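> File entry05.cif follows (mmCIF, C-alpha atoms and all ligand atoms):
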data_upload
#
loop_
_atom_site.label_atom_id
_atom_site.label_comp_id
_atom_site.auth_asym_id
_atom_site.auth_seq_id
_atom_site.Cartn_x
_atom_site.Cartn_y
_atom_site.Cartn_z
CA MET A 1495 113.37 195.37 130.45
CA LYS A 1496 111.97 191.93 129.68
CA LYS A 1497 109.35 192.04 126.96
CA GLU A 1498 106.46 189.67 127.55
CA GLU A 1499 105.28 187.59 124.58
CA PHE A 1500 102.00 187.62 122.69
CA PRO A 1501 100.16 184.37 123.60
CA LYS A 1502 100.60 181.38 121.31
CA ILE A 1503 97.34 181.01 119.43
CA LYS A 1504 95.79 178.54 117.04
CA GLY A 1505 95.80 179.79 113.46
CA LYS A 1506 96.07 183.27 112.05
CA LEU A 1507 92.77 184.90 112.91
CA ILE A 1508 91.94 187.48 115.55
CA LEU A 1509 88.59 189.03 116.43
CA ALA A 1510 88.91 192.84 116.45
CA PRO A 1511 87.79 194.89 119.44
CA MET A 1512 84.35 196.33 118.71
CA ALA A 1513 82.49 198.45 121.22
CA GLY A 1514 78.92 197.26 121.64
CA VAL A 1515 79.73 193.95 119.94
CA THR A 1516 82.66 191.96 121.36
CA ASN A 1517 81.22 191.15 124.76
CA VAL A 1518 82.04 187.85 126.41
CA ALA A 1519 79.23 185.98 124.64
CA PHE A 1520 80.30 187.16 121.20
CA ARG A 1521 83.94 186.38 121.91
CA ILE A 1522 83.16 182.84 123.03
CA LEU A 1523 81.11 182.29 119.88
CA CYS A 1524 83.93 183.55 117.63
CA LYS A 1525 86.56 181.52 119.44
CA LYS A 1526 84.48 178.38 119.05
CA LEU A 1527 84.18 179.13 115.34
CA GLY A 1528 87.92 179.54 114.84
CA ALA A 1529 89.20 182.91 116.03
CA GLY A 1530 92.61 182.27 117.61
CA ILE A 1531 92.19 185.05 120.12
CA CYS A 1532 89.60 187.79 120.70
CA TYR A 1533 89.85 191.40 121.83
CA THR A 1534 87.36 192.76 124.31
CA GLU A 1535 85.45 195.98 123.75
CA PHE A 1536 87.50 198.94 124.93
CA PHE A 1537 87.22 199.99 128.54
CA HIS A 1538 87.90 203.50 129.75
CA THR A 1539 90.36 203.67 132.63
CA ASP A 1540 87.77 205.31 134.91
CA ALA A 1541 85.16 202.65 134.14
CA LEU A 1542 87.68 199.91 134.92
CA GLN A 1543 88.55 201.54 138.21
CA LYS A 1544 84.88 201.41 139.17
CA GLY A 1545 85.21 197.70 138.59
CA ASN A 1546 81.93 196.79 136.94
CA VAL A 1547 82.77 196.51 133.24
CA PHE A 1548 85.44 193.86 133.06
CA ASP A 1549 83.89 190.72 131.58
CA VAL A 1550 86.66 188.21 130.81
CA VAL A 1551 85.95 184.60 131.85
CA LYS A 1552 88.28 181.63 132.26
CA GLU A 1553 86.76 179.59 129.40
CA GLU A 1554 87.75 182.10 126.71
CA ARG A 1555 91.35 182.74 127.69
CA PRO A 1556 93.78 183.68 126.31
CA VAL A 1557 92.11 187.00 125.57
CA VAL A 1558 93.20 190.59 124.95
CA THR A 1559 91.63 193.37 127.00
CA GLN A 1560 91.67 196.80 125.42
CA ILE A 1561 91.83 199.97 127.44
CA PHE A 1562 91.70 203.63 126.49
CA GLY A 1563 92.46 206.85 128.24
CA ASN A 1564 94.88 209.72 128.29
CA ASP A 1565 96.26 209.82 131.80
CA GLU A 1566 99.43 207.75 132.12
CA ASN A 1567 98.91 206.96 135.78
CA LYS A 1568 95.28 205.96 135.31
CA LEU A 1569 96.24 203.76 132.37
CA TYR A 1570 98.91 202.15 134.51
CA GLU A 1571 96.49 201.55 137.39
CA ALA A 1572 93.85 200.17 135.01
CA ALA A 1573 96.37 197.79 133.41
CA LYS A 1574 97.66 196.78 136.83
CA SER A 1575 94.15 195.87 137.91
CA LEU A 1576 94.01 193.46 134.95
CA VAL A 1577 97.17 191.50 135.75
CA GLY A 1578 96.25 187.86 136.28
CA LYS A 1579 92.72 188.42 134.96
CA THR A 1580 93.49 188.76 131.28
CA ASP A 1581 96.35 187.72 129.00
CA VAL A 1582 97.31 190.91 127.16
CA VAL A 1583 96.49 194.55 127.87
CA ASP A 1584 96.06 196.55 124.67
CA LEU A 1585 96.25 200.33 124.42
CA ASN A 1586 93.81 201.92 121.99
CA ILE A 1587 95.63 204.45 119.77
CA GLY A 1588 93.11 204.51 116.96
CA CYS A 1589 89.53 205.17 117.98
CA PRO A 1590 88.19 208.06 115.88
CA ALA A 1591 84.98 208.67 117.90
CA PRO A 1592 84.73 212.38 118.75
CA LYS A 1593 83.90 211.58 122.39
CA VAL A 1594 87.08 209.51 122.74
CA ILE A 1595 89.32 211.96 120.88
CA GLY A 1596 87.82 214.80 122.88
CA LEU A 1597 89.31 213.18 125.99
CA GLY A 1598 92.73 213.16 124.32
CA SER A 1599 92.58 209.36 124.02
CA GLY A 1600 92.21 206.88 121.15
CA ALA A 1601 93.41 208.36 117.86
CA ALA A 1602 94.23 211.67 119.59
CA LEU A 1603 97.37 209.93 120.87
CA LEU A 1604 98.60 209.72 117.26
CA LYS A 1605 99.48 213.42 117.67
CA ASP A 1606 101.72 212.88 120.68
CA LEU A 1607 104.17 210.03 120.23
CA LYS A 1608 106.25 211.16 123.21
CA LYS A 1609 103.24 210.61 125.39
CA VAL A 1610 102.58 207.23 123.78
CA GLU A 1611 106.18 206.21 124.46
CA SER A 1612 105.92 207.28 128.05
CA ILE A 1613 102.62 205.39 128.53
CA LEU A 1614 103.86 202.19 126.89
CA LYS A 1615 107.13 202.32 128.80
CA LYS A 1616 105.26 202.55 132.06
CA LEU A 1617 102.79 199.82 131.14
CA SER A 1618 105.67 197.55 130.14
CA THR A 1619 106.91 197.49 133.73
CA LEU A 1620 103.85 195.44 134.64
CA ASN A 1621 103.93 191.69 134.71
CA ILE A 1622 101.66 191.25 131.70
CA PRO A 1623 102.16 191.50 127.92
CA ILE A 1624 101.26 194.91 126.50
CA SER A 1625 100.13 195.57 122.94
CA CYS A 1626 98.68 198.50 121.05
CA LYS A 1627 96.24 199.01 118.22
CA ILE A 1628 96.93 201.93 115.96
CA ARG A 1629 95.79 203.80 112.90
CA LEU A 1630 98.34 205.12 110.39
CA GLY A 1631 98.24 208.73 111.51
CA VAL A 1632 95.88 211.69 111.67
CA ASN A 1633 95.83 212.08 107.89
CA GLU A 1634 97.89 211.04 104.89
CA LYS A 1635 100.23 214.01 105.34
CA ASN A 1636 100.97 212.98 108.92
CA ILE A 1637 101.62 209.26 108.82
CA VAL A 1638 103.28 208.17 112.07
CA ALA A 1639 102.68 204.43 111.90
CA LEU A 1640 106.32 203.46 111.37
CA GLU A 1641 107.59 205.68 114.15
CA LEU A 1642 104.89 204.38 116.43
CA ALA A 1643 105.71 200.79 115.51
CA LYS A 1644 109.35 201.37 116.49
CA ILE A 1645 108.18 202.61 119.90
CA ALA A 1646 105.88 199.61 120.25
CA ASP A 1647 108.78 197.36 119.31
CA LYS A 1648 110.57 198.44 122.50
CA TYR A 1649 107.71 197.92 124.94
CA CYS A 1650 105.00 195.74 123.42
CA CYS A 1651 104.53 192.13 122.40
CA ALA A 1652 102.35 193.00 119.40
CA ILE A 1653 100.98 195.85 117.34
CA ALA A 1654 97.66 195.76 115.50
CA VAL A 1655 97.57 198.10 112.53
CA HIS A 1656 94.25 199.34 111.17
CA ALA A 1657 95.70 200.64 107.93
CA ARG A 1658 93.63 203.82 107.71
CA THR A 1659 94.15 207.34 108.99
CA LEU A 1660 92.00 208.99 111.61
CA GLU A 1661 90.54 211.35 109.01
CA GLN A 1662 89.55 208.42 106.81
CA GLY A 1663 87.23 207.07 109.48
CA TYR A 1664 85.93 203.94 107.79
CA SER A 1665 85.92 205.42 104.29
CA GLY A 1666 88.34 204.78 101.47
CA LYS A 1667 90.57 201.72 101.43
CA ALA A 1668 92.92 200.41 104.07
CA ASP A 1669 96.49 200.80 102.78
CA TRP A 1670 98.08 197.44 103.53
CA SER A 1671 101.50 198.60 102.26
CA TYR A 1672 102.06 200.16 105.70
CA ILE A 1673 101.43 196.82 107.38
CA LYS A 1674 104.22 195.38 105.21
CA LYS A 1675 106.59 198.25 106.02
CA ILE A 1676 105.91 197.81 109.74
CA LYS A 1677 106.39 194.05 109.59
CA GLU A 1678 109.76 194.63 107.91
CA SER A 1679 110.91 197.05 110.60
CA VAL A 1680 109.94 195.46 113.92
CA SER A 1681 110.50 192.17 115.73
CA ILE A 1682 107.19 191.97 117.61
CA SER A 1683 104.04 190.30 116.26
CA VAL A 1684 102.29 192.40 113.63
CA ILE A 1685 98.53 192.07 113.29
CA GLY A 1686 97.12 193.37 110.00
CA ASN A 1687 93.69 194.94 110.05
CA GLY A 1688 91.33 196.64 107.65
CA ASP A 1689 88.94 195.58 104.91
CA ILE A 1690 88.97 191.83 105.30
CA ASP A 1691 85.69 190.85 103.69
CA LYS A 1692 86.17 187.75 101.58
CA VAL A 1693 87.64 184.44 102.68
CA GLU A 1694 90.52 184.93 100.21
CA ASP A 1695 91.36 188.37 101.65
CA VAL A 1696 93.07 186.82 104.67
CA LYS A 1697 95.61 184.94 102.55
CA ARG A 1698 96.01 187.99 100.33
CA MET A 1699 96.86 190.14 103.36
CA ILE A 1700 99.36 187.60 104.69
CA ASP A 1701 100.98 187.18 101.26
CA GLN A 1702 101.15 190.92 100.59
CA THR A 1703 102.33 192.09 103.99
CA GLY A 1704 103.93 189.13 105.76
CA CYS A 1705 101.88 189.98 108.87
CA ASP A 1706 101.78 187.39 111.66
CA TYR A 1707 98.04 187.54 112.23
CA VAL A 1708 94.96 188.98 110.57
CA MET A 1709 92.36 190.86 112.58
CA VAL A 1710 88.75 190.79 111.45
CA GLY A 1711 86.14 193.33 112.54
CA ARG A 1712 83.00 194.17 110.59
CA ARG A 1713 82.92 190.95 108.61
CA ALA A 1714 82.94 188.92 111.84
CA MET A 1715 80.25 191.16 113.31
CA LYS A 1716 77.94 190.15 110.45
CA ASP A 1717 79.09 186.57 110.28
CA PRO A 1718 81.10 184.79 112.98
CA PHE A 1719 81.06 181.67 110.75
CA PHE A 1720 83.60 183.61 108.66
CA PHE A 1721 86.40 182.36 110.92
CA ARG A 1722 85.50 178.74 110.22
CA ARG A 1723 85.36 179.24 106.47
CA VAL A 1724 88.69 181.09 106.41
CA ASN A 1725 90.44 178.40 108.44
CA HIS A 1726 89.06 175.76 106.10
CA TYR A 1727 90.29 177.74 103.10
CA LEU A 1728 93.76 178.24 104.59
CA LYS A 1729 94.00 174.51 105.27
CA THR A 1730 92.48 173.10 102.08
CA GLY A 1731 92.25 175.88 99.50
CA ILE A 1732 88.50 175.22 99.30
CA ILE A 1733 85.99 178.03 99.77
CA LEU A 1734 82.90 176.69 101.53
CA PRO A 1735 79.49 178.21 100.75
CA GLU A 1736 78.16 180.72 103.27
CA GLU A 1737 75.90 179.31 105.95
CA SER A 1738 72.14 179.45 105.43
CA PHE A 1739 69.86 182.02 107.04
CA GLU A 1740 68.53 179.29 109.35
CA GLU A 1741 72.04 178.47 110.56
CA LYS A 1742 72.68 182.14 111.24
CA MET A 1743 69.49 182.39 113.28
CA LYS A 1744 70.47 179.27 115.25
CA LEU A 1745 73.79 180.93 115.97
CA LEU A 1746 71.93 183.97 117.24
CA LEU A 1747 70.01 181.74 119.65
CA GLU A 1748 73.30 180.24 120.81
CA TYR A 1749 74.54 183.78 121.37
CA LEU A 1750 71.44 184.48 123.44
CA LYS A 1751 72.13 181.44 125.63
CA LEU A 1752 75.67 182.66 126.20
CA CYS A 1753 74.38 186.16 127.02
CA LYS A 1754 72.11 184.66 129.63
CA LYS A 1755 74.87 182.46 131.01
CA TYR A 1756 77.25 185.40 131.36
CA ASP A 1757 74.61 187.93 132.31
CA CYS A 1758 75.25 190.29 129.42
CA PHE A 1759 71.92 190.27 127.58
CA GLU A 1760 70.73 193.61 126.23
CA VAL A 1761 67.75 193.79 123.93
CA ASN A 1762 69.19 196.53 121.69
CA ASN A 1763 72.45 194.65 121.29
CA PHE A 1764 70.49 191.53 120.38
CA LYS A 1765 68.41 193.42 117.79
CA PHE A 1766 71.58 194.97 116.41
CA LEU A 1767 73.13 191.55 115.90
CA PHE A 1768 69.94 190.26 114.31
CA VAL A 1769 70.22 193.08 111.79
CA GLN A 1770 73.91 192.30 111.15
CA PHE A 1771 73.43 188.52 110.89
CA SER A 1772 70.52 188.83 108.47
CA ARG A 1773 72.23 191.09 105.94
CA GLY A 1774 72.46 189.77 102.40
CA TYR A 1775 69.73 187.12 102.64
CA LYS A 1776 66.57 187.05 100.51
CA ASN A 1777 63.70 189.14 101.97
CA SER A 1778 65.84 190.09 104.95
CA SER A 1779 65.25 193.84 104.60
CA LYS A 1780 61.51 193.30 105.14
CA LEU A 1781 62.30 191.17 108.18
CA ARG A 1782 64.58 193.84 109.59
CA VAL A 1783 61.78 196.39 109.40
CA GLU A 1784 59.49 193.97 111.27
CA VAL A 1785 62.10 193.28 113.93
CA SER A 1786 62.89 196.97 114.42
CA LYS A 1787 59.31 197.43 115.64
CA ILE A 1788 59.52 194.63 118.22
CA LYS A 1789 60.02 195.96 121.73
CA ASN A 1790 59.76 192.87 123.83
CA VAL A 1791 62.26 190.03 124.09
CA GLU A 1792 59.74 187.17 124.00
CA GLU A 1793 58.25 188.43 120.76
CA LEU A 1794 61.72 188.78 119.28
CA LEU A 1795 62.64 185.25 120.28
CA HIS A 1796 59.41 183.91 118.89
CA LYS A 1797 60.18 185.58 115.58
CA ILE A 1798 63.73 184.17 115.44
CA LYS A 1799 62.55 180.66 116.34
CA GLU A 1800 60.03 180.89 113.51
CA LEU A 1801 62.94 181.58 111.17
CA CYS A 1802 65.06 178.61 112.25
C1 LIG B 1901 81.01 198.67 115.82
C2 LIG B 1901 82.50 198.87 115.88
C3 LIG B 1901 83.10 199.10 117.11
C4 LIG B 1901 84.49 199.27 117.18
N1 LIG B 1901 85.07 199.45 118.42
C5 LIG B 1901 86.43 199.47 118.52
C6 LIG B 1901 87.07 199.49 119.78
O1 LIG B 1901 86.42 199.48 120.85
N2 LIG B 1901 88.44 199.52 119.81
C7 LIG B 1901 89.19 199.51 118.66
O2 LIG B 1901 90.43 199.51 118.72
N3 LIG B 1901 88.60 199.46 117.45
C8 LIG B 1901 87.26 199.43 117.36
N4 LIG B 1901 86.67 199.32 116.13
C9 LIG B 1901 87.53 199.19 114.93
C10 LIG B 1901 87.79 197.71 114.60
O3 LIG B 1901 88.47 197.06 115.65
C11 LIG B 1901 88.62 197.58 113.30
O4 LIG B 1901 89.86 198.20 113.50
C12 LIG B 1901 87.94 198.21 112.10
O5 LIG B 1901 86.57 197.87 112.04
C13 LIG B 1901 88.64 197.80 110.79
O6 LIG B 1901 88.59 196.41 110.63
P1 LIG B 1901 87.52 195.71 109.63
O7 LIG B 1901 87.73 196.32 108.25
O8 LIG B 1901 87.86 194.25 109.66
O9 LIG B 1901 86.16 196.04 110.15
C14 LIG B 1901 85.29 199.20 116.01
C15 LIG B 1901 84.67 198.97 114.78
C16 LIG B 1901 83.30 198.80 114.70
C17 LIG B 1901 82.67 198.54 113.36
#
Written as structure tokens, how would this file's structure read?
Ligand SMILES: Cc1cc2nc3c(=O)[nH]c(=O)nc-3n(C[C@H](O)[C@H](O)[C@H](O)COP(=O)(O)O)c2cc1C


Amino acid sequence: MKKEEFPKIKGKLILAPMAGVTNVAFRILCKKLGAGICYTEFFHTDALQKGNVFDVVKEERPVVTQIFGNDENKLYEAAKSLVGKTDVVDLNIGCPAPKVIGLGSGAALLKDLKKVESILKKLSTLNIPISCKIRLGVNEKNIVALELAKIADKYCCAIAVHARTLEQGYSGKADWSYIKKIKESVSISVIGNGDIDKVEDVKRMIDQTGCDYVMVGRRAMKDPFFFRRVNHYLKTGIILPEESFEEKMKLLLEYLKLCKKYDCFEVNNFKFLFVQFSRGYKNSSKLRVEVSKIKNVEELLHKIKELC
């Protein structure tokens, strides 16, 4: 079976899939600031079949669309519906949310590698590159990452490894040594993920693990400028200062414009990003309390414009 390739991208950085965050507007912003490729939020197979959640646009491609589910045929149909509309279809094998696991999908698949193999094998018959994003295993006594990577090596173009177990959730530290072991044992692209917070962390992960790409989640959610600073560091060795609060607020207004353009504006999402973007700046906690009380979009915009 011919294995399709992961798209050629600029640089080493990838925006992680984040539900409620990586909509089309956020992806375009991150790409402009230096992410080589972005993952969509995850889409359940049933939602995709209804046809109203898919939000990829031409301007942002290449892009990776993530799907989740448990039913092999539904996953196949969902992926098939994406052929020609996206560049890679990624299977979620790591989401720890109880609702997702309860459906036997996401990280629940870590318990059934035979099923994973069967799903990936079927998906790989489609005319589109397939990838997967995994966690290490259910817990430290049941690490399956290497076995899973060997399966992915047969059917996928890339594997993204969030180097934590399901039981860890987001606590503890990501164990990058597994990313290294996986990189040494497969021939597909390996994307390291977990705990990238400082500009230097990206180089540290590449040096320690040999991974092909580095995926950034929470840090990018707070600060899409991160991609630009990391690329500058990788090129020059110079760490630029973080952008000012005003610049962050201007970026939020740019995000708003994109939301309007692509019809994906939601007030709660916008408030959530305000909270994320404002973290770490002087007096920002007071501001966040003020903003949390705002109910109407105009008032919110007025407040942000005042801050620019
Ligand atoms: C708000 C939020 C939503 C997320 N949604 C998804 C998702 O839809 N699919 C997925 O594979 N991972 C999801 N993740 C996990 C991230 O993609 C990433 O693996 C994780 O945050 C670790 O990377 P980081 O340390 O750079 O944040 C989500 C994480 C966050 C914080």

> Write out as a ChimeraX atom specification each polymer residue whose atoms come within 12 Å of Lys1677 (chain A), counting only C-alpha atoms; drop sequence neighbours fewer than 5 positions from it.

/A:1639-1640,1643-1644,1647,1652-1655,1670-1672,1682-1686,1700,1702-1707

> Could the residues that lie within 7 Å of ligand LIG 1901 (chain B), counting only C-alpha atoms and all ligand atoms, be listed as a VMD selection string?

chain A and resid 1510 to 1515 1535 to 1536 1586 1588 to 1589 1627 1656 1687 to 1690 1709 to 1713

> May I have the residues within 12 Å of region 1728-1745 of chain A as a VMD selection string, using only C-alpha atoms and disregarding those fewer than 3 positions away in the same chain?

chain A and resid 1505 to 1507 1519 to 1520 1522 to 1524 1526 to 1528 1692 to 1698 1700 to 1701 1715 to 1725 1748 to 1752 1764 to 1765 1767 to 1778 1781 1794 to 1802

> How big is the axis-aligned box around the listed atoms of region 1763-1780 of chain A once 3 Å is added on each side, and where is its centre? Give both in Å to one decimal, as AutoDock Vina command-line options.


--center_x 67.7 --center_y 191.0 --center_z 110.9 --size_x 18.4 --size_y 13.9 --size_z 26.8

> May I ask which of the residues A:Ile1624, A:Val1680, A:Ile1788, A:Ala1602 is the closest one to Asp1584 (chain A), counting only C-alpha atoms?

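That would be A:Ile1624, the residue with the smallest distance to Asp1584 (chain A).
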